[in-house]
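Asks: The file below is query04.tsv, TSV, C-alpha atoms and all ligand atoms:
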```tsv
chain	number	residue	atom	x	y	z
X	29	MET	CA	101.31	91.75	35.84
X	30	LYS	CA	104.90	92.02	36.99
X	31	ASP	CA	106.12	91.84	33.40
X	32	LEU	CA	103.53	94.32	32.23
X	33	ILE	CA	104.61	96.95	34.78
X	34	LYS	CA	108.28	96.37	34.03
X	35	GLY	CA	107.61	96.56	30.29
X	36	ALA	CA	105.57	99.78	30.67
X	37	TYR	CA	108.46	101.33	32.61
X	38	GLU	CA	111.07	100.25	30.08
X	39	GLU	CA	109.01	101.53	27.16
X	40	GLY	CA	107.95	104.76	28.91
X	41	ILE	CA	111.40	105.80	30.05
X	42	LYS	CA	112.54	105.92	26.42
X	43	PHE	CA	110.59	109.20	26.17
X	44	ALA	CA	112.27	110.80	29.20
X	45	ASP	CA	114.34	113.21	27.12
X	46	GLU	CA	111.29	114.68	25.41
X	47	GLY	CA	109.69	115.99	28.60
X	48	VAL	CA	110.42	119.43	30.03
X	49	VAL	CA	110.87	119.99	33.77
X	50	ALA	CA	108.65	122.76	35.23
X	51	ASP	CA	110.74	125.82	36.00
X	52	TYR	CA	108.21	128.52	36.83
X	53	ILE	CA	108.70	127.36	40.41
X	54	PRO	CA	112.53	127.71	40.54
X	55	GLU	CA	113.06	124.79	42.92
X	56	LEU	CA	111.30	122.38	40.54
X	57	ALA	CA	113.84	123.09	37.79
X	58	LYS	CA	116.32	121.00	39.81
X	59	GLU	CA	114.34	117.77	39.28
X	60	ASP	CA	116.01	114.96	37.32
X	61	LYS	CA	113.83	114.00	34.36
X	62	SER	CA	115.70	110.74	33.76
X	63	LYS	CA	114.05	109.29	36.88
X	64	ALA	CA	110.71	107.50	36.60
X	65	GLY	CA	108.62	105.03	38.55
X	66	VAL	CA	105.31	103.20	38.32
X	67	VAL	CA	103.28	101.32	40.93
X	68	LEU	CA	100.03	99.43	40.37
X	69	ILE	CA	97.79	98.08	43.12
X	70	ASN	CA	95.16	95.56	42.05
X	71	LYS	CA	91.81	95.08	43.74
X	72	ASP	CA	93.18	92.42	46.06
X	73	GLY	CA	95.79	94.86	47.35
X	74	ASP	CA	98.74	93.24	45.57
X	75	ILE	CA	101.44	95.76	44.67
X	76	PHE	CA	103.50	95.73	41.45
X	77	GLU	CA	106.23	98.26	40.80
X	78	ALA	CA	109.09	99.27	38.52
X	79	GLY	CA	111.67	102.07	38.52
X	80	GLU	CA	112.33	104.66	41.21
X	81	VAL	CA	109.29	104.11	43.38
X	82	GLU	CA	110.75	105.48	46.64
X	83	LYS	CA	112.10	108.73	45.20
X	84	THR	CA	110.18	111.68	46.60
X	85	PHE	CA	108.94	114.71	44.68
X	86	SER	CA	106.34	117.39	45.34
X	87	ILE	CA	102.74	116.32	44.98
X	88	GLN	CA	101.70	119.65	43.37
X	89	SER	CA	98.28	119.58	41.75
X	90	ILE	CA	97.50	116.02	42.77
X	91	VAL	CA	96.85	117.43	46.22
X	92	LYS	CA	93.84	119.20	44.73
X	93	VAL	CA	91.98	115.88	44.70
X	94	VAL	CA	92.76	115.31	48.38
X	95	ALA	CA	91.79	118.88	49.30
X	96	TYR	CA	88.53	118.52	47.37
X	97	LEU	CA	87.80	115.32	49.31
X	98	VAL	CA	88.32	117.17	52.60
X	99	ALA	CA	85.93	119.88	51.36
X	100	LEU	CA	83.30	117.30	50.32
X	101	GLU	CA	83.53	115.78	53.78
X	102	GLU	CA	83.48	119.05	55.72
X	103	ILE	CA	81.73	121.81	53.77
X	104	ASP	CA	78.07	122.30	52.92
X	105	PRO	CA	77.62	121.09	49.30
X	106	GLU	CA	75.70	124.25	48.38
X	107	ARG	CA	78.57	126.46	49.48
X	108	ILE	CA	80.95	124.31	47.42
X	109	SER	CA	78.86	124.58	44.25
X	110	GLU	CA	78.30	128.29	44.80
X	111	ALA	CA	82.07	128.88	44.97
X	112	ILE	CA	83.48	126.28	42.51
X	113	GLY	CA	82.25	124.81	39.21
X	114	VAL	CA	82.77	121.31	37.79
X	115	LYS	CA	83.42	122.37	34.22
X	116	PRO	CA	86.34	121.11	32.14
X	117	THR	CA	88.42	123.97	30.77
X	118	ALA	CA	90.34	124.65	27.57
X	119	LEU	CA	92.60	127.15	29.31
X	120	PRO	CA	95.77	126.44	31.33
X	121	PHE	CA	95.59	125.46	35.01
X	122	ASN	CA	96.85	128.88	36.15
X	123	SER	CA	94.82	131.06	33.80
X	124	VAL	CA	93.73	134.41	35.22
X	125	LEU	CA	91.53	134.89	32.16
X	126	ASP	CA	89.57	131.70	32.87
X	127	VAL	CA	88.68	133.00	36.33
X	128	GLU	CA	87.69	136.38	34.93
X	129	LEU	CA	85.52	134.78	32.22
X	130	GLY	CA	83.85	132.68	34.90
X	131	GLY	CA	82.86	135.79	36.85
X	132	GLY	CA	85.41	134.99	39.55
X	133	LYS	CA	84.15	131.43	40.04
X	134	PRO	CA	86.82	128.80	39.31
X	135	ARG	CA	85.89	126.35	36.56
X	136	ASN	CA	86.61	123.28	38.68
X	137	PRO	CA	88.41	122.22	41.87
X	138	TYR	CA	91.42	120.83	39.98
X	139	VAL	CA	92.73	124.09	38.49
X	140	ASN	CA	94.74	126.46	40.69
X	141	ALA	CA	91.82	128.83	41.24
X	142	GLY	CA	89.58	125.93	42.29
X	143	ALA	CA	92.11	124.49	44.72
X	144	MET	CA	92.74	127.90	46.28
X	145	ALA	CA	88.96	128.30	46.57
X	146	VAL	CA	88.77	124.89	48.31
X	147	THR	CA	91.44	126.11	50.74
X	148	GLY	CA	89.41	129.31	51.24
X	149	LEU	CA	86.26	127.30	52.03
X	150	LEU	CA	88.18	125.23	54.55
X	151	TYR	CA	89.60	128.42	56.07
X	152	GLU	CA	86.10	129.87	56.45
X	153	LYS	CA	85.25	126.89	58.63
X	154	PHE	CA	88.52	125.93	60.32
X	155	GLY	CA	90.60	129.13	60.39
X	156	ASP	CA	94.25	128.47	61.24
X	157	ASP	CA	93.49	124.79	61.85
X	158	THR	CA	93.19	124.49	58.05
X	159	LEU	CA	96.99	124.32	57.87
X	160	ASP	CA	97.47	120.59	58.48
X	161	LEU	CA	94.08	119.26	57.39
X	162	VAL	CA	95.13	118.34	53.88
X	163	LEU	CA	98.62	117.12	54.86
X	164	ASN	CA	97.05	114.76	57.38
X	165	LYS	CA	94.60	113.52	54.77
X	166	VAL	CA	97.45	112.79	52.34
X	167	ARG	CA	99.21	110.84	55.12
X	168	ASP	CA	96.06	108.91	55.85
X	169	LEU	CA	95.25	108.03	52.23
X	170	ALA	CA	98.85	107.06	51.47
X	171	ASP	CA	99.08	105.21	54.80
X	172	ARG	CA	102.44	106.85	55.59
X	173	ASP	CA	102.69	109.11	58.65
X	174	SER	CA	106.20	110.27	57.80
X	175	ILE	CA	105.02	112.30	54.76
X	176	GLU	CA	106.26	115.89	55.13
X	177	VAL	CA	106.33	119.22	53.32
X	178	SER	CA	109.45	120.33	51.42
X	179	GLU	CA	110.31	123.68	52.97
X	180	SER	CA	112.55	124.63	50.03
X	181	ILE	CA	109.85	123.95	47.42
X	182	TYR	CA	107.27	125.70	49.58
X	183	GLU	CA	109.41	128.83	49.92
X	184	SER	CA	110.29	128.82	46.24
X	185	GLU	CA	106.62	128.61	45.26
X	186	ARG	CA	105.47	131.12	47.87
X	187	ASP	CA	108.03	133.71	46.83
X	188	THR	CA	107.21	133.54	43.11
X	189	ALA	CA	103.43	133.06	43.21
X	190	PHE	CA	102.31	136.42	41.83
X	191	ASN	CA	100.00	134.83	39.27
X	192	ASN	CA	98.30	132.60	41.84
X	193	ARG	CA	97.84	135.50	44.23
X	194	ALA	CA	96.26	137.54	41.41
X	195	ILE	CA	93.77	134.71	40.88
X	196	PHE	CA	92.87	134.59	44.57
X	197	TYR	CA	92.43	138.38	44.77
X	198	MET	CA	90.15	138.21	41.74
X	199	MET	CA	87.94	135.68	43.55
X	200	VAL	CA	87.58	138.23	46.34
X	201	ALA	CA	87.03	141.09	43.86
X	202	ARG	CA	84.17	139.12	42.25
X	203	GLY	CA	82.56	138.18	45.55
X	204	VAL	CA	83.31	134.44	45.72
X	205	PHE	CA	84.98	135.25	49.05
X	206	ASN	CA	84.33	138.26	51.21
X	207	GLU	CA	86.86	140.96	51.91
X	208	ASP	CA	88.03	139.64	55.25
X	209	MET	CA	89.54	136.56	53.57
X	210	PRO	CA	93.31	136.76	54.37
X	211	VAL	CA	94.32	135.97	50.79
X	212	ASP	CA	98.09	135.77	51.24
X	213	LYS	CA	97.89	133.57	54.28
X	214	VAL	CA	95.39	131.14	52.74
X	215	ALA	CA	97.26	131.08	49.41
X	216	ASN	CA	100.37	130.10	51.41
X	217	MET	CA	98.43	127.18	52.89
X	218	TYR	CA	97.68	126.02	49.34
X	219	PHE	CA	101.37	126.37	48.31
X	220	ARG	CA	102.35	124.37	51.35
X	221	ASN	CA	99.95	121.60	50.35
X	222	CYS	CA	101.45	121.56	46.83
X	223	SER	CA	104.91	121.10	48.39
X	224	ILE	CA	104.07	117.85	50.19
X	225	LEU	CA	106.70	115.22	49.32
X	226	VAL	CA	105.39	111.89	48.07
X	227	ASN	CA	106.73	108.97	46.03
X	228	ALA	CA	105.15	106.77	43.36
X	229	LYS	CA	104.11	104.22	46.00
X	230	ASP	CA	102.24	106.89	47.94
X	231	LEU	CA	100.46	107.95	44.76
X	232	ALA	CA	99.47	104.36	44.01
X	233	ARG	CA	98.05	103.97	47.52
X	234	ILE	CA	96.02	107.18	47.12
X	235	SER	CA	94.87	106.07	43.65
X	236	SER	CA	93.87	102.68	44.98
X	237	VAL	CA	91.72	104.16	47.76
X	238	ILE	CA	89.97	106.44	45.24
X	239	ALA	CA	89.52	103.49	42.85
X	240	ASN	CA	87.89	101.47	45.64
X	241	ASP	CA	85.47	104.18	46.83
X	242	GLY	CA	87.36	104.93	50.01
X	243	LEU	CA	88.40	101.41	50.99
X	244	ASP	CA	92.14	100.87	51.37
X	245	VAL	CA	92.46	97.34	50.00
X	246	VAL	CA	96.07	97.09	51.20
X	247	SER	CA	95.42	97.79	54.90
X	248	GLY	CA	91.73	96.83	54.89
X	249	LYS	CA	90.82	100.18	56.48
X	250	ARG	CA	88.08	102.51	55.25
X	251	LYS	CA	89.54	105.95	54.50
X	252	PHE	CA	86.45	107.88	53.37
X	253	ASP	CA	82.72	107.40	52.82
X	254	GLU	CA	82.07	105.41	49.65
X	255	LYS	CA	79.75	108.09	48.26
X	256	TYR	CA	82.72	110.39	47.48
X	257	GLY	CA	84.61	107.95	45.25
X	258	ARG	CA	82.45	108.51	42.19
X	259	THR	CA	82.57	112.30	42.56
X	260	LEU	CA	86.36	112.37	42.85
X	261	ARG	CA	86.80	110.09	39.85
X	262	THR	CA	84.26	111.93	37.70
X	263	VAL	CA	85.90	115.31	38.23
X	264	MET	CA	89.30	113.66	37.63
X	265	ALA	CA	88.02	112.26	34.33
X	266	MET	CA	86.63	115.65	33.26
X	267	CYS	CA	89.30	118.00	34.58
X	268	GLY	CA	92.26	116.05	35.97
X	269	MET	CA	94.78	116.40	33.14
X	270	TYR	CA	94.52	120.17	32.73
X	271	ASP	CA	93.42	121.42	29.34
X	272	ASN	CA	94.54	118.09	27.84
X	273	SER	CA	91.91	116.10	29.76
X	274	GLY	CA	90.13	115.29	26.48
X	275	GLU	CA	93.30	114.10	24.75
X	276	PHE	CA	94.18	112.00	27.80
X	277	ALA	CA	90.65	110.52	27.88
X	278	LEU	CA	91.09	109.41	24.27
X	279	LYS	CA	94.53	107.91	24.86
X	280	VAL	CA	94.28	106.42	28.35
X	281	GLY	CA	90.58	106.61	29.23
X	282	LEU	CA	90.92	106.56	33.01
X	283	PRO	CA	90.13	109.15	35.73
X	284	ALA	CA	93.50	110.71	36.58
X	285	LYS	CA	95.13	113.77	38.08
X	286	SER	CA	98.60	115.05	37.38
X	287	GLY	CA	100.89	117.55	39.04
X	288	VAL	CA	103.76	119.66	37.70
X	289	GLY	CA	106.09	117.79	40.08
X	290	GLY	CA	105.79	114.87	37.62
X	291	GLY	CA	103.31	112.62	39.41
X	292	ILE	CA	100.02	111.19	38.13
X	293	ILE	CA	97.36	109.33	40.10
X	294	SER	CA	95.00	107.16	38.16
X	295	ALA	CA	91.98	105.29	39.51
X	296	SER	CA	90.12	102.60	37.60
X	297	PRO	CA	86.53	102.04	38.77
X	298	GLU	CA	87.40	98.34	38.58
X	299	GLY	CA	89.40	98.87	41.75
X	300	ILE	CA	92.88	99.30	40.30
X	301	GLY	CA	95.06	102.24	41.39
X	302	ILE	CA	98.17	103.37	39.51
X	303	GLY	CA	100.74	105.96	40.57
X	304	THR	CA	103.40	107.18	38.15
X	305	TYR	CA	106.33	109.55	38.37
X	306	CYS	CA	108.68	111.28	35.94
X	307	PRO	CA	109.26	115.04	36.11
X	308	GLY	CA	109.55	115.77	32.37
X	309	LEU	CA	106.24	117.35	31.31
X	310	ASP	CA	104.33	117.88	28.07
X	311	GLU	CA	103.02	121.28	26.96
X	312	ALA	CA	99.95	121.06	29.20
X	313	GLY	CA	101.94	120.19	32.34
X	314	ASN	CA	101.37	116.42	32.39
X	315	SER	CA	104.24	113.95	32.90
X	316	LEU	CA	105.14	112.63	29.47
X	317	VAL	CA	106.63	109.30	30.57
X	318	GLY	CA	103.82	108.88	33.11
X	319	GLN	CA	101.24	109.14	30.35
X	320	LYS	CA	103.13	106.68	28.14
X	321	MET	CA	103.29	104.13	30.96
X	322	LEU	CA	99.57	104.56	31.68
X	323	GLU	CA	98.71	104.18	28.02
X	324	ILE	CA	100.51	100.83	27.87
X	325	ILE	CA	99.01	99.52	31.12
X	326	THR	CA	95.42	100.55	30.45
X	327	ASP	CA	95.59	99.25	26.90
X	328	GLU	CA	96.92	95.87	28.00
X	329	LEU	CA	94.45	95.50	30.91
X	330	ASP	CA	91.57	97.00	28.89
X	331	LEU	CA	90.76	99.56	31.57
X	332	TYR	CA	89.43	102.27	29.23
X	333	ILE	CA	86.16	103.43	30.84
X	334	TYR	CA	84.38	105.04	27.91
X	401	LIG	N1	101.66	124.53	42.93
X	401	LIG	C1	101.40	124.63	41.52
X	401	LIG	C2	100.84	125.97	41.17
X	401	LIG	O1	100.06	126.49	41.92
X	401	LIG	C3	100.49	123.53	41.14
X	401	LIG	C4	100.42	123.43	39.69
X	401	LIG	C5	100.15	122.07	39.20
X	401	LIG	O2	100.71	121.07	39.61
X	401	LIG	O3	99.32	122.04	38.28
X	401	LIG	O4	101.16	126.53	40.16
```
As a first step, turn the structure in this file into structure tokens.
Replies:
Amino acid sequence: MKDLIKGAYEEGIKFADEGVVADYIPELAKEDKSKAGVVLINKDGDIFEAGEVEKTFSIQSIVKVVAYLVALEEIDPERISEAIGVKPTALPFNSVLDVELGGGKPRNPYVNAGAMAVTGLLYEKFGDDTLDLVLNKVRDLADRDSIEVSESIYESERDTAFNNRAIFYMMVARGVFNEDMPVDKVANMYFRNCSILVNAKDLARISSVIANDGLDVVSGKRKFDEKYGRTLRTVMAMCGMYDNSGEFALKVGLPAKSGVGGGIISASPEGIGIGTYCPGLDEAGNSLVGQKMLEIITDELDLYIY
């Protein structure tokens, strides 16, 4: 296993130049796309790693899985399905048109509209206490209390988020949320969640807990009710890799979620969790080197679920 992870890293990093760092959030343009890391945790809790596994980067869209988990735990399922679909989409993760075509209802919880809607649902129940709910859940799943938010990435995203705010206002315009929803404030909570700093090890820990239906096989602690594991993984498989979820399913064949910060979490129902990092992205917003490494690992371990 050690050799496999090292080999996947060495092969994957060869593609580092081909990826493009996200720059629509100005602060993300500073990321170094020659850095990559991969961590695999097997079902016995053994950890294998290669590359820059301690280097932190912003979690971005991967936090959508954690926020969705908090919603599943806290919000009435009927309210969730009234506000958010579970449909894959062929449009980009930040598409205003997709929200409009859906009558204001986000296609799924793993596009921007869906994650902002999740934050809105939490705000309806928790008000200002929503602020740290997701951060604390990330800390718990990754088993690292020192995880923090990057203030510079948060501010950069907050100050340039006109498209995301348009999406949120459209959800109000179409009645998914009522008019007293403080859109800017709740959108800022979502941007803050996207700016949480994690490393590849953290992502592997989160992946491993999702792969094991809520059991943290490293610490032996239960992190969430086992009934949510299948839901999280299913929506990851359908919608986790943006509008390239189908292509990723063909190539890698595992439930996964990526973020424009360069991370990917990947959870095999056989109990294996894999976290990868490399900030160079493909055209859909998925880490290019991360996908290459996953392809090699899942192929070798025969983890393809379909
Ligand atoms: N914070 C990013 C945004 O809202 C998340 C995008 C992503 O990682 O897909 O645009």
Asks: Which residues sit within 9 Å of ligand LIG 401 (chain X), counting all atoms listed in the file, listed as a ChimeraX atom specification?
Replies: /X:52-53,86-92,120-122,138-141,143-144,182,185,189,191-192,218-223,269-270,286-291,313-314
Asks: For X:Val98, which of X:Ala118, X:Val146, X:Val200, X:Leu129 is the closest residue, counting all atoms listed in the file?
Replies: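 Among the listed residues, X:Val146 lies closest to X:Val98.
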Asks: Nearest to X:Val94 among X:Arg193, X:Arg258, X:Arg167, X:Lys133, with distances taken over all atoms listed in the file: which residue is it?
Replies: X:Arg167
Asks: Could you jot down the atom CA of X:Thr304 to atom CA of X:Gly65 separation for me, Å, one decimal place?
Replies: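 Going from atom CA of X:Thr304 over to atom CA of X:Gly65, I get 5.7 Å.
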Asks: Which residues are close to X:Ala284, i.e. within 8 Å by only C-alpha atoms, leaving aside same-chain residues fewer than 2 positions away? Reply as a list in words.
Replies: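 Once the adjacent positions are removed, what remains is Arg261, Met264, Ala265, Gly268, Met269, Leu282, Ser286, Ile292, Ile293, Ser294 and Ala295 of chain X.
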Asks: Mind giving me the straight-line distance from atom CA of X:Leu100 to atom CA of X:Cys267 in Å, one decimal?
Replies: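 Between atom CA of X:Leu100 and atom CA of X:Cys267 the gap is 16.9 Å.
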Asks: Could you jot down the atom CA of X:Thr326 to atom CA of X:Lys63 separation for me, Å, one decimal place?
Replies: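 Spanning atom CA of X:Thr326 to atom CA of X:Lys63 is a straight-line distance of 21.6 Å.
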Asks: Mind listing as number ranges by chain all residues within 8 Å of (93.4, 135.1, 50.0), counting only C-alpha atoms?
Replies: X: 148, 193, 196-197, 200, 209-215
Asks: For the residues in that selection, give me C-alpha atoms as a short mmCIF file (atom, residue, chain, number, x, y, z; two decimals), in the coordinates of the input.
Replies:
```cif
data_model
loop_
_atom_site.label_atom_id
_atom_site.label_comp_id
_atom_site.auth_asym_id
_atom_site.auth_seq_id
_atom_site.Cartn_x
_atom_site.Cartn_y
_atom_site.Cartn_z
CA GLY X 148 89.41 129.31 51.24
CA ARG X 193 97.84 135.50 44.23
CA PHE X 196 92.87 134.59 44.57
CA TYR X 197 92.43 138.38 44.77
CA VAL X 200 87.58 138.23 46.34
CA MET X 209 89.54 136.56 53.57
CA PRO X 210 93.31 136.76 54.37
CA VAL X 211 94.32 135.97 50.79
CA ASP X 212 98.09 135.77 51.24
CA LYS X 213 97.89 133.57 54.28
CA VAL X 214 95.39 131.14 52.74
CA ALA X 215 97.26 131.08 49.41
#
```
Asks: Quick one: of X:Met198, X:Ala64, X:Ile69, X:Ile75, who's nearest to X:Val124, counting all atoms listed in the file?
Replies: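 Among the listed residues, the smallest separation from X:Val124 belongs to X:Met198.
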Asks: Choose the residue, out of X:Val280, X:Ile41, X:Ala36, X:Met266, that has the smallest atom-to-atom separation from X:Val114; count all atoms listed in the file.
Replies: X:Met266
Asks: Can you rebuild stretch 73-91 of chain X with N, CA and C atoms and give it as a PDB file, keeping the file's coordinate frame?
Replies:
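Full text of selection39.pdb as output:
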```pdb
ATOM      1  N   GLY X  73      94.768  94.199  46.538  1.00  0.00           N
ATOM      2  CA  GLY X  73      95.790  94.860  47.350  1.00  0.00           C
ATOM      3  C   GLY X  73      97.205  94.400  47.044  1.00  0.00           C
ATOM      4  N   ASP X  74      97.384  93.641  45.968  1.00  0.00           N
ATOM      5  CA  ASP X  74      98.740  93.240  45.570  1.00  0.00           C
ATOM      6  C   ASP X  74      99.426  94.414  44.882  1.00  0.00           C
ATOM      7  N   ILE X  75     100.718  94.588  45.172  1.00  0.00           N
ATOM      8  CA  ILE X  75     101.440  95.760  44.670  1.00  0.00           C
ATOM      9  C   ILE X  75     102.509  95.333  43.666  1.00  0.00           C
ATOM     10  N   PHE X  76     102.509  96.005  42.508  1.00  0.00           N
ATOM     11  CA  PHE X  76     103.500  95.730  41.450  1.00  0.00           C
ATOM     12  C   PHE X  76     104.214  97.027  41.131  1.00  0.00           C
ATOM     13  N   GLU X  77     105.523  96.991  40.979  1.00  0.00           N
ATOM     14  CA  GLU X  77     106.230  98.260  40.800  1.00  0.00           C
ATOM     15  C   GLU X  77     107.453  98.119  39.897  1.00  0.00           C
ATOM     16  N   ALA X  78     107.859  99.235  39.324  1.00  0.00           N
ATOM     17  CA  ALA X  78     109.090  99.270  38.520  1.00  0.00           C
ATOM     18  C   ALA X  78     109.668 100.679  38.576  1.00  0.00           C
ATOM     19  N   GLY X  79     111.002 100.763  38.539  1.00  0.00           N
ATOM     20  CA  GLY X  79     111.670 102.070  38.520  1.00  0.00           C
ATOM     21  C   GLY X  79     111.868 102.634  39.911  1.00  0.00           C
ATOM     22  N   GLU X  80     111.970 103.968  39.957  1.00  0.00           N
ATOM     23  CA  GLU X  80     112.330 104.660  41.210  1.00  0.00           C
ATOM     24  C   GLU X  80     111.073 104.951  42.034  1.00  0.00           C
ATOM     25  N   VAL X  81     110.594 103.955  42.730  1.00  0.00           N
ATOM     26  CA  VAL X  81     109.290 104.110  43.380  1.00  0.00           C
ATOM     27  C   VAL X  81     109.374 104.728  44.785  1.00  0.00           C
ATOM     28  N   GLU X  82     110.597 104.869  45.308  1.00  0.00           N
ATOM     29  CA  GLU X  82     110.750 105.480  46.640  1.00  0.00           C
ATOM     30  C   GLU X  82     111.199 106.936  46.535  1.00  0.00           C
ATOM     31  N   LYS X  83     111.576 107.364  45.360  1.00  0.00           N
ATOM     32  CA  LYS X  83     112.100 108.730  45.200  1.00  0.00           C
ATOM     33  C   LYS X  83     110.982 109.741  45.440  1.00  0.00           C
ATOM     34  N   THR X  84     111.240 110.717  46.312  1.00  0.00           N
ATOM     35  CA  THR X  84     110.180 111.680  46.600  1.00  0.00           C
ATOM     36  C   THR X  84     110.248 112.909  45.697  1.00  0.00           C
ATOM     37  N   PHE X  85     109.102 113.503  45.514  1.00  0.00           N
ATOM     38  CA  PHE X  85     108.940 114.710  44.680  1.00  0.00           C
ATOM     39  C   PHE X  85     107.696 115.427  45.205  1.00  0.00           C
ATOM     40  N   SER X  86     107.486 116.660  44.764  1.00  0.00           N
ATOM     41  CA  SER X  86     106.340 117.390  45.340  1.00  0.00           C
ATOM     42  C   SER X  86     105.038 116.972  44.649  1.00  0.00           C
ATOM     43  N   ILE X  87     104.023 116.827  45.446  1.00  0.00           N
ATOM     44  CA  ILE X  87     102.740 116.320  44.980  1.00  0.00           C
ATOM     45  C   ILE X  87     102.059 117.282  44.022  1.00  0.00           C
ATOM     46  N   GLN X  88     102.304 118.590  44.200  1.00  0.00           N
ATOM     47  CA  GLN X  88     101.700 119.650  43.370  1.00  0.00           C
ATOM     48  C   GLN X  88     100.199 119.417  43.197  1.00  0.00           C
ATOM     49  N   SER X  89      99.741 119.537  41.955  1.00  0.00           N
ATOM     50  CA  SER X  89      98.280 119.580  41.750  1.00  0.00           C
ATOM     51  C   SER X  89      97.517 118.330  42.175  1.00  0.00           C
ATOM     52  N   ILE X  90      98.216 117.228  42.357  1.00  0.00           N
ATOM     53  CA  ILE X  90      97.500 116.020  42.770  1.00  0.00           C
ATOM     54  C   ILE X  90      96.853 116.235  44.132  1.00  0.00           C
ATOM     55  N   VAL X  91      97.424 117.147  44.900  1.00  0.00           N
ATOM     56  CA  VAL X  91      96.850 117.430  46.220  1.00  0.00           C
ATOM     57  C   VAL X  91      95.463 118.058  46.102  1.00  0.00           C
TER      58      VAL X  91
END
```
